[in-house]
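The file structure37.cif comes next; it holds mmCIF, C-alpha atoms.
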data_upload
loop_
_atom_site.label_atom_id
_atom_site.label_comp_id
_atom_site.auth_asym_id
_atom_site.auth_seq_id
_atom_site.Cartn_x
_atom_site.Cartn_y
_atom_site.Cartn_z
CA MET A 4 33.74 111.19 53.25
CA VAL A 5 30.31 110.79 54.80
CA ASN A 6 28.11 113.17 52.81
CA GLU A 7 25.43 113.97 55.37
CA ASN A 8 25.68 115.35 58.88
CA GLN A 9 23.28 114.62 61.71
CA THR A 10 20.75 117.11 60.35
CA ASN A 11 20.74 115.28 57.00
CA LYS A 12 22.13 118.29 55.19
CA ILE A 13 24.56 117.77 52.33
CA VAL A 14 28.10 118.45 53.57
CA TYR A 15 30.02 117.89 50.34
CA LEU A 16 29.25 118.13 46.66
CA TYR A 17 31.34 116.51 43.97
CA LYS A 18 32.52 117.31 40.47
CA TYR A 19 33.82 114.53 38.23
CA ARG A 20 36.58 115.61 35.85
CA SER A 21 39.03 114.20 33.33
CA LEU A 22 42.58 115.38 32.73
CA SER A 23 43.45 116.56 29.23
CA ASP A 24 46.71 116.89 27.35
CA GLU A 25 46.45 120.64 28.02
CA ASP A 26 46.34 119.96 31.77
CA ARG A 27 49.38 117.71 31.50
CA LYS A 28 51.46 120.51 30.00
CA ASN A 29 51.41 121.93 33.53
CA ASP A 30 51.56 125.49 32.22
CA SER A 31 50.01 127.92 34.70
CA GLU A 32 49.25 130.40 31.91
CA ASN A 33 47.43 127.88 29.72
CA THR A 34 43.77 128.95 29.71
CA LYS A 35 42.77 125.67 28.05
CA ALA A 36 44.00 123.59 30.99
CA TYR A 37 40.51 123.61 32.47
CA SER A 38 40.98 120.95 35.16
CA MET A 39 44.34 122.32 36.24
CA ARG A 40 42.95 125.82 36.63
CA ILE A 41 40.29 124.59 39.06
CA PHE A 42 43.17 123.79 41.42
CA THR A 43 45.62 126.54 40.53
CA HIS A 44 43.33 129.50 39.73
CA ASN A 45 40.10 128.60 41.57
CA GLU A 46 38.19 128.73 38.30
CA ILE A 47 35.01 126.86 37.45
CA TYR A 48 32.94 127.15 34.32
CA PHE A 49 29.24 127.96 34.34
CA ALA A 50 28.10 126.44 31.07
CA PRO A 51 25.18 127.22 28.75
CA PHE A 52 22.76 124.32 28.97
CA LYS A 53 22.75 123.68 25.21
CA THR A 54 26.27 122.26 25.61
CA PHE A 55 25.00 119.54 27.97
CA ASN A 56 24.66 115.90 26.96
CA ASP A 57 20.89 115.87 27.55
CA PRO A 58 19.04 117.46 24.60
CA PHE A 59 15.95 117.83 26.79
CA ASP A 60 17.75 119.87 29.45
CA CYS A 61 15.92 123.02 30.61
CA ARG A 62 12.85 122.24 28.58
CA ALA A 63 9.53 123.40 29.96
CA HIS A 64 5.90 123.59 28.99
CA TRP A 65 5.51 127.31 28.30
CA CYS A 66 1.85 128.23 28.50
CA LEU A 67 -0.21 131.38 28.65
CA ASP A 68 -2.60 131.75 31.57
CA THR A 69 -5.35 133.89 30.09
CA SER A 70 -6.76 134.58 33.56
CA ASP A 71 -3.52 136.38 34.42
CA GLN A 72 -3.84 140.15 34.08
CA LYS A 73 -0.32 140.24 32.65
CA ALA A 74 -1.35 138.04 29.73
CA GLU A 75 -2.78 140.94 27.74
CA LYS A 76 0.44 142.93 28.11
CA TYR A 77 2.35 139.85 27.04
CA ALA A 78 0.25 139.57 23.88
CA GLN A 79 0.82 143.23 23.10
CA LYS A 80 4.57 142.68 23.29
CA PHE A 81 4.40 139.81 20.82
CA ASN A 82 6.90 141.24 18.30
CA GLU A 83 6.61 141.21 14.51
CA ASP A 84 9.49 138.81 13.95
CA LEU A 85 8.00 136.22 16.29
CA LEU A 86 4.59 136.91 14.80
CA GLU A 87 5.84 135.89 11.34
CA LYS A 88 7.31 132.66 12.72
CA PHE A 89 4.06 131.94 14.49
CA ILE A 90 2.01 132.53 11.37
CA GLU A 91 4.27 130.19 9.39
CA VAL A 92 3.83 127.37 11.91
CA TYR A 93 0.13 127.98 12.27
CA ILE A 94 -0.47 127.92 8.52
CA SER A 95 1.56 124.74 8.02
CA SER A 96 -0.64 122.88 10.49
CA ASN A 97 -3.92 124.50 9.47
CA GLU A 98 -4.06 124.57 5.67
CA ASN A 99 -7.70 125.69 5.64
CA LEU A 100 -6.90 128.86 7.55
CA LYS A 101 -4.44 130.49 5.15
CA ASP A 102 -6.82 133.29 4.22
CA ASP A 103 -7.60 134.56 7.69
CA VAL A 104 -4.69 133.40 9.87
CA LYS A 105 -2.78 136.63 9.57
CA GLN A 106 -5.80 138.64 10.64
CA LYS A 107 -6.20 136.37 13.63
CA ALA A 108 -2.55 136.69 14.54
CA ILE A 109 -2.63 140.47 14.30
CA LYS A 110 -5.74 140.48 16.42
CA LEU A 111 -3.89 138.43 19.03
CA THR A 112 -1.46 141.27 19.58
CA ARG A 113 -4.34 143.59 20.44
CA THR A 114 -6.82 141.52 22.39
CA LEU A 115 -7.26 138.23 24.22
CA GLU A 116 -10.66 137.58 22.68
CA LEU A 117 -9.14 134.94 20.41
CA PHE A 118 -8.06 132.85 23.39
CA ASN A 119 -11.66 132.16 24.25
CA PHE A 120 -12.35 130.07 21.15
CA ASP A 121 -9.08 128.97 19.56
CA LYS A 122 -7.10 126.78 21.96
CA GLU A 123 -4.91 125.40 19.15
CA PHE A 124 -3.76 128.92 18.39
CA VAL A 125 -2.64 129.39 21.97
CA ARG A 126 -0.90 126.01 22.06
CA LEU A 127 1.11 126.81 18.95
CA LEU A 128 2.06 130.19 20.35
CA GLY A 129 3.78 128.38 23.21
CA GLU A 130 5.58 125.99 20.86
CA VAL A 131 6.94 128.77 18.67
CA HIS A 132 7.91 130.99 21.57
CA GLN A 133 9.73 128.18 23.38
CA LYS A 134 12.67 128.37 20.97
CA GLU A 135 12.97 132.10 21.59
CA ILE A 136 12.85 131.55 25.35
CA LEU A 137 15.39 128.71 25.27
CA ASP A 138 17.80 130.79 23.21
CA SER A 139 17.50 133.64 25.70
CA LEU A 140 18.03 131.38 28.72
CA ASN A 141 21.02 129.74 27.06
CA GLU A 142 22.65 133.13 26.48
CA ASN A 143 21.89 134.67 29.86
CA TYR A 144 22.35 131.89 32.43
CA GLY A 145 25.26 129.62 33.28
CA ILE A 146 25.02 126.31 35.12
CA PHE A 147 27.62 124.53 37.24
CA SER A 148 26.61 120.92 37.80
CA LEU A 149 27.73 118.78 40.73
CA SER A 150 26.69 115.51 42.31
CA GLY A 151 25.80 114.43 45.80
CA ARG A 152 27.61 111.15 45.09
CA TYR A 153 31.30 110.37 45.11
CA ASP A 154 30.96 106.61 44.60
CA SER A 155 29.10 106.24 41.30
CA ILE A 156 30.72 103.82 38.88
CA LEU A 157 28.76 105.41 36.03
CA LEU A 158 29.78 108.97 36.86
CA TYR A 159 33.47 108.03 36.89
CA SER A 160 32.92 106.36 33.51
CA HIS A 161 30.92 109.17 31.93
CA TYR A 162 32.67 112.28 33.28
CA ALA A 163 36.06 111.16 34.63
CA ASP A 164 37.58 109.48 31.58
CA TYR A 165 36.50 105.92 32.36
CA HIS A 166 37.91 106.11 35.91
CA ARG A 167 41.21 107.58 34.68
CA GLY A 168 40.24 111.02 35.96
CA LEU A 169 39.22 112.31 39.36
CA CYS A 170 36.42 113.62 41.52
CA LEU A 171 36.64 117.00 43.24
CA GLN A 172 35.24 117.42 46.74
CA PHE A 173 33.65 120.80 47.59
CA SER A 174 32.50 121.74 51.09
CA THR A 175 29.07 123.35 51.33
CA ASP A 176 29.57 124.27 55.00
CA LYS A 177 28.55 127.93 55.33
CA ASN A 178 31.53 128.64 57.58
CA VAL A 179 33.81 127.37 54.82
CA SER A 180 32.03 128.31 51.61
CA ASP A 181 31.15 131.90 52.58
CA ASP A 182 27.66 131.48 51.04
CA PHE A 183 29.10 130.37 47.70
CA PHE A 184 26.64 127.46 47.74
CA LYS A 185 23.76 129.42 49.23
CA TYR A 186 21.64 128.90 46.14
CA VAL A 187 22.69 125.41 45.10
CA PHE A 188 19.66 123.14 44.69
CA PRO A 189 19.05 119.48 43.83
CA VAL A 190 17.62 118.52 40.48
CA GLU A 191 14.11 117.06 40.59
CA TYR A 192 13.57 113.99 38.43
CA ASN A 193 10.13 113.87 36.85
CA ASN A 194 8.58 112.53 33.65
CA ASN A 195 6.84 115.84 32.90
CA TYR A 196 8.24 119.21 31.94
CA PRO A 197 7.63 121.98 34.49
CA GLU A 198 4.78 124.28 33.50
CA ILE A 199 5.75 127.93 33.24
CA ASN A 200 3.44 130.88 32.55
CA MET A 201 4.88 132.96 29.68
CA SER A 202 3.29 136.17 30.87
CA ALA A 203 4.96 135.90 34.30
CA PRO A 204 7.88 133.55 33.65
CA ASN A 205 9.93 131.94 36.38
CA PRO A 206 12.64 130.19 34.35
CA TRP A 207 14.29 128.68 37.44
CA LYS A 208 11.83 125.79 37.34
CA ALA A 209 13.32 124.73 34.02
CA PHE A 210 16.87 124.57 35.38
CA PHE A 211 16.09 122.08 38.13
CA ARG A 212 14.05 119.32 36.49
CA LYS A 213 15.22 116.40 34.36
CA SER A 214 14.00 113.02 33.21
CA PRO A 215 14.12 110.22 35.83
CA GLU A 216 16.57 108.42 33.55
CA TRP A 217 19.23 110.81 34.87
CA SER A 218 18.47 110.24 38.54
CA TYR A 219 21.60 108.14 39.06
CA GLU A 220 23.60 111.39 38.84
CA ALA A 221 22.02 112.78 42.05
CA GLU A 222 22.69 116.18 40.48
CA PHE A 223 22.84 119.55 42.22
CA ARG A 224 23.04 122.79 40.27
CA LEU A 225 24.43 126.21 40.91
CA VAL A 226 22.89 128.70 38.45
CA ARG A 227 24.20 132.19 37.79
CA GLU A 228 22.28 134.86 35.95
CA GLY A 229 24.60 136.50 33.45
CA LYS A 230 26.71 135.34 30.57
CA PRO A 231 27.95 131.74 30.85
CA GLY A 232 31.67 131.62 31.51
CA VAL A 233 34.44 131.34 34.08
CA TYR A 234 33.83 132.32 37.69
CA HIS A 235 36.12 132.19 40.71
CA PHE A 236 35.36 130.35 43.92
CA PRO A 237 36.85 130.68 47.45
CA GLN A 238 39.89 128.42 47.51
CA ASN A 239 39.10 126.75 50.79
CA ILE A 240 35.81 125.20 49.56
CA LEU A 241 37.82 122.72 47.48
CA THR A 242 38.72 120.37 50.31
CA GLY A 243 39.81 117.17 48.62
CA VAL A 244 40.14 115.05 45.52
CA ILE A 245 39.33 111.41 44.84
CA PHE A 246 41.50 109.72 42.25
CA GLY A 247 39.76 107.37 39.85
CA ARG A 248 40.71 103.72 40.19
CA ASN A 249 42.54 103.77 36.82
CA ILE A 250 44.38 107.09 37.13
CA SER A 251 48.06 107.01 36.23
CA ASP A 252 50.77 107.66 38.80
CA ALA A 253 51.98 110.59 36.69
CA ASP A 254 48.55 112.24 36.77
CA LYS A 255 48.27 111.73 40.53
CA MET A 256 51.62 113.42 41.08
CA LEU A 257 50.58 116.28 38.81
CA VAL A 258 47.41 116.96 40.80
CA LYS A 259 49.27 116.76 44.10
CA ASP A 260 51.75 119.30 42.80
CA TRP A 261 48.91 121.71 41.97
CA VAL A 262 47.77 121.82 45.61
CA LYS A 263 51.16 121.57 47.27
CA GLY A 264 51.24 123.43 50.55
CA ARG A 265 47.51 123.58 51.16
CA LYS A 266 46.49 122.72 54.69
CA ASP A 267 43.81 120.13 55.45
CA PHE A 268 43.51 119.09 51.80
CA LYS A 269 42.63 115.38 51.50
CA PHE A 270 43.60 112.84 48.85
CA TYR A 271 41.63 109.66 48.38
CA GLN A 272 42.05 106.73 46.02
CA ALA A 273 39.09 104.79 44.61
CA ILE A 274 39.59 101.02 44.59
CA PRO A 275 37.22 98.23 43.54
CA LYS A 276 35.28 96.42 46.22
CA LYS A 277 36.45 92.85 46.73
CA ASN A 278 33.17 90.95 46.59
CA SER A 279 30.64 93.23 44.92
CA TYR A 280 30.25 95.80 42.16
CA GLY A 281 31.25 99.11 43.68
CA LEU A 282 34.05 101.28 44.95
CA ASP A 283 35.86 101.61 48.24
CA PHE A 284 38.10 104.54 49.16
CA ILE A 285 41.41 104.79 50.93
CA LEU A 286 43.61 107.73 51.75
CA GLY A 287 45.78 108.28 48.73
#

When written as structure tokens, how does the structure in this file appear?
Amino acid sequence: MVNENQTNKIVYLYKYRSLSDEDRKNDSENTKAYSMRIFTHNEIYFAPFKTFNDPFDCRAHWCLDTSDQKAEKYAQKFNEDLLEKFIEVYISSNENLKDDVKQKAIKLTRTLELFNFDKEFVRLLGEVHQKEILDSLNENYGIFSLSGRYDSILLYSHYADYHRGLCLQFSTDKNVSDDFFKYVFPVEYNNNYPEINMSAPNPWKAFFRKSPEWSYEAEFRLVREGKPGVYHFPQNILTGVIFGRNISDADKMLVKDWVKGRKDFKFYQAIPKKNSYGLDFILG
């Protein structure tokens, strides 16, 4: 299960999963048997990021570059609904400006002159608009998260039912994956949000940066533009499964039944190291 070849390219990516009571019903028509259907229907779920366990996920510093020629067009598109929200926030933080704030806001939709002397106004515009942008990204992009690690004690605990679940092994080899993983990228871990220009937004920066506190996950992401939901993958990219050290014999047999007859599919069993904190792996 070496995860790098001689060119230091990732060969396998991993998905930690638990098995639910719905999976254990072993009903091929059960659409709620999410783990089972990965094996039996080649289905994976691209999730909206607001369902993730990190409330800071996909955050960014949305700013407006007033030197950008597109900035004026952006200001002109600043719709009335958002304008009202902006005015409300601006007034609440600037009590002395109640009388003229609306005039300033209306002026903003027509000209960039205001940007030259009211930096606070521009900063608040970004704060108010961020919610609108996040809502749009959440509705129109789906994310499938994987890891470059198969041996993380924490990942088995957090995502594989305290080691009672399993870890799926996906091949990223182009000859196997048929470009399915062509646009999978590692997450960058950084203390600062990525900076994104609102007048010429590139939201992809937001999808691939997280706090360094999450670096133990060694996360890779596959992002699809379109509604979050179920997508199908080529069957042969799922090349193996690693059973958690605490998985039951019944659950192991269930998983093996789901892939019965597949050629070159590998089963591994995680076991504790003898003299140190960590996991070893045997064919299982």

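Considering only C-alpha atoms, the residue among A:Phe183, A:Lys269, A:Tyr19, A:Lys213 positioned nearest to A:Leu157 is A:Tyr19.
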
Q: Counting only C-alpha atoms, note down every residue that has an atom within 9 Å of the point (35.3, 134.3, 40.4) (file coordinates), as a list of chain:residue names.
A: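 Residues with an atom close enough to that point: A:Asn45, A:Glu46, A:Ile47, A:Val233, A:Tyr234, A:His235, A:Phe236, A:Pro237.
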
Q.
Between atom CA of A:Tyr144 and atom CA of A:Pro231, what distance in Å does the model show, to one decimal?
A. 5.8 Å

Q: Could you tell me how far atom CA of A:Pro189 lies from atom CA of A:Pro275, in Å and to one decimal?
A: 28.0 Å

Q.
Selection in question (the file shown): the PyMOL selection byres ((chain A and resi 164-178) around 8). Which residues does it include, as a PyMOL selection string?
A. chain A and resi 13-22+153+159-163+179-185+240-251

Could the residues in this selection be written to a file with C-alpha atoms, as an mmCIF file, in the frame of the given file?
data_model
loop_
_atom_site.group_PDB
_atom_site.id
_atom_site.type_symbol
_atom_site.label_atom_id
_atom_site.label_comp_id
_atom_site.auth_asym_id
_atom_site.auth_seq_id
_atom_site.Cartn_x
_atom_site.Cartn_y
_atom_site.Cartn_z
ATOM 1 C CA ILE A 13 24.560 117.770 52.330
ATOM 2 C CA VAL A 14 28.100 118.450 53.570
ATOM 3 C CA TYR A 15 30.020 117.890 50.340
ATOM 4 C CA LEU A 16 29.250 118.130 46.660
ATOM 5 C CA TYR A 17 31.340 116.510 43.970
ATOM 6 C CA LYS A 18 32.520 117.310 40.470
ATOM 7 C CA TYR A 19 33.820 114.530 38.230
ATOM 8 C CA ARG A 20 36.580 115.610 35.850
ATOM 9 C CA SER A 21 39.030 114.200 33.330
ATOM 10 C CA LEU A 22 42.580 115.380 32.730
ATOM 11 C CA TYR A 153 31.300 110.370 45.110
ATOM 12 C CA TYR A 159 33.470 108.030 36.890
ATOM 13 C CA SER A 160 32.920 106.360 33.510
ATOM 14 C CA HIS A 161 30.920 109.170 31.930
ATOM 15 C CA TYR A 162 32.670 112.280 33.280
ATOM 16 C CA ALA A 163 36.060 111.160 34.630
ATOM 17 C CA VAL A 179 33.810 127.370 54.820
ATOM 18 C CA SER A 180 32.030 128.310 51.610
ATOM 19 C CA ASP A 181 31.150 131.900 52.580
ATOM 20 C CA ASP A 182 27.660 131.480 51.040
ATOM 21 C CA PHE A 183 29.100 130.370 47.700
ATOM 22 C CA PHE A 184 26.640 127.460 47.740
ATOM 23 C CA LYS A 185 23.760 129.420 49.230
ATOM 24 C CA ILE A 240 35.810 125.200 49.560
ATOM 25 C CA LEU A 241 37.820 122.720 47.480
ATOM 26 C CA THR A 242 38.720 120.370 50.310
ATOM 27 C CA GLY A 243 39.810 117.170 48.620
ATOM 28 C CA VAL A 244 40.140 115.050 45.520
ATOM 29 C CA ILE A 245 39.330 111.410 44.840
ATOM 30 C CA PHE A 246 41.500 109.720 42.250
ATOM 31 C CA GLY A 247 39.760 107.370 39.850
ATOM 32 C CA ARG A 248 40.710 103.720 40.190
ATOM 33 C CA ASN A 249 42.540 103.770 36.820
ATOM 34 C CA ILE A 250 44.380 107.090 37.130
ATOM 35 C CA SER A 251 48.060 107.010 36.230
#

Q. Atom CA of A:Leu257 and atom CA of A:Ala273, how far apart in Å?
A. 17.3 Å

List, as an mmCIF file with C-alpha atoms, keeping the file's coordinate frame, every residue that the PyMOL selection byres ((chain A and resi 65) around 7) selects in the file provided.
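This is the output file selection_5.cif:
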data_model
loop_
_atom_site.group_PDB
_atom_site.id
_atom_site.type_symbol
_atom_site.label_atom_id
_atom_site.label_comp_id
_atom_site.auth_asym_id
_atom_site.auth_seq_id
_atom_site.Cartn_x
_atom_site.Cartn_y
_atom_site.Cartn_z
ATOM 1 C CA ALA A 63 9.530 123.400 29.960
ATOM 2 C CA HIS A 64 5.900 123.590 28.990
ATOM 3 C CA CYS A 66 1.850 128.230 28.500
ATOM 4 C CA GLY A 129 3.780 128.380 23.210
ATOM 5 C CA GLN A 133 9.730 128.180 23.380
ATOM 6 C CA GLU A 198 4.780 124.280 33.500
ATOM 7 C CA ILE A 199 5.750 127.930 33.240
ATOM 8 C CA ASN A 200 3.440 130.880 32.550
ATOM 9 C CA MET A 201 4.880 132.960 29.680
#

Q.
Given the point (13.6, 109.1, 38.2) in the file's coordinates, find the residues that have an atom at most 12 Å from it, counting all atoms listed in the file, and give them as an MDAnalysis selection string.
A. chainID A and resid 190:195 212:222

May I have the selected residues written with C-alpha atoms, as an mmCIF file, in the coordinates of the input?
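Saved as part37.cif:
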data_model
loop_
_atom_site.group_PDB
_atom_site.id
_atom_site.type_symbol
_atom_site.label_atom_id
_atom_site.label_comp_id
_atom_site.auth_asym_id
_atom_site.auth_seq_id
_atom_site.Cartn_x
_atom_site.Cartn_y
_atom_site.Cartn_z
ATOM 1 C CA VAL A 190 17.620 118.520 40.480
ATOM 2 C CA GLU A 191 14.110 117.060 40.590
ATOM 3 C CA TYR A 192 13.570 113.990 38.430
ATOM 4 C CA ASN A 193 10.130 113.870 36.850
ATOM 5 C CA ASN A 194 8.580 112.530 33.650
ATOM 6 C CA ASN A 195 6.840 115.840 32.900
ATOM 7 C CA ARG A 212 14.050 119.320 36.490
ATOM 8 C CA LYS A 213 15.220 116.400 34.360
ATOM 9 C CA SER A 214 14.000 113.020 33.210
ATOM 10 C CA PRO A 215 14.120 110.220 35.830
ATOM 11 C CA GLU A 216 16.570 108.420 33.550
ATOM 12 C CA TRP A 217 19.230 110.810 34.870
ATOM 13 C CA SER A 218 18.470 110.240 38.540
ATOM 14 C CA TYR A 219 21.600 108.140 39.060
ATOM 15 C CA GLU A 220 23.600 111.390 38.840
ATOM 16 C CA ALA A 221 22.020 112.780 42.050
ATOM 17 C CA GLU A 222 22.690 116.180 40.480
#

Q. Given the file above and the PyMOL selection byres ((chain A and resi 226) around 6), which residues are selected, and can you give them as a ChimeraX atom specification?
A. /A:145-146,225,227
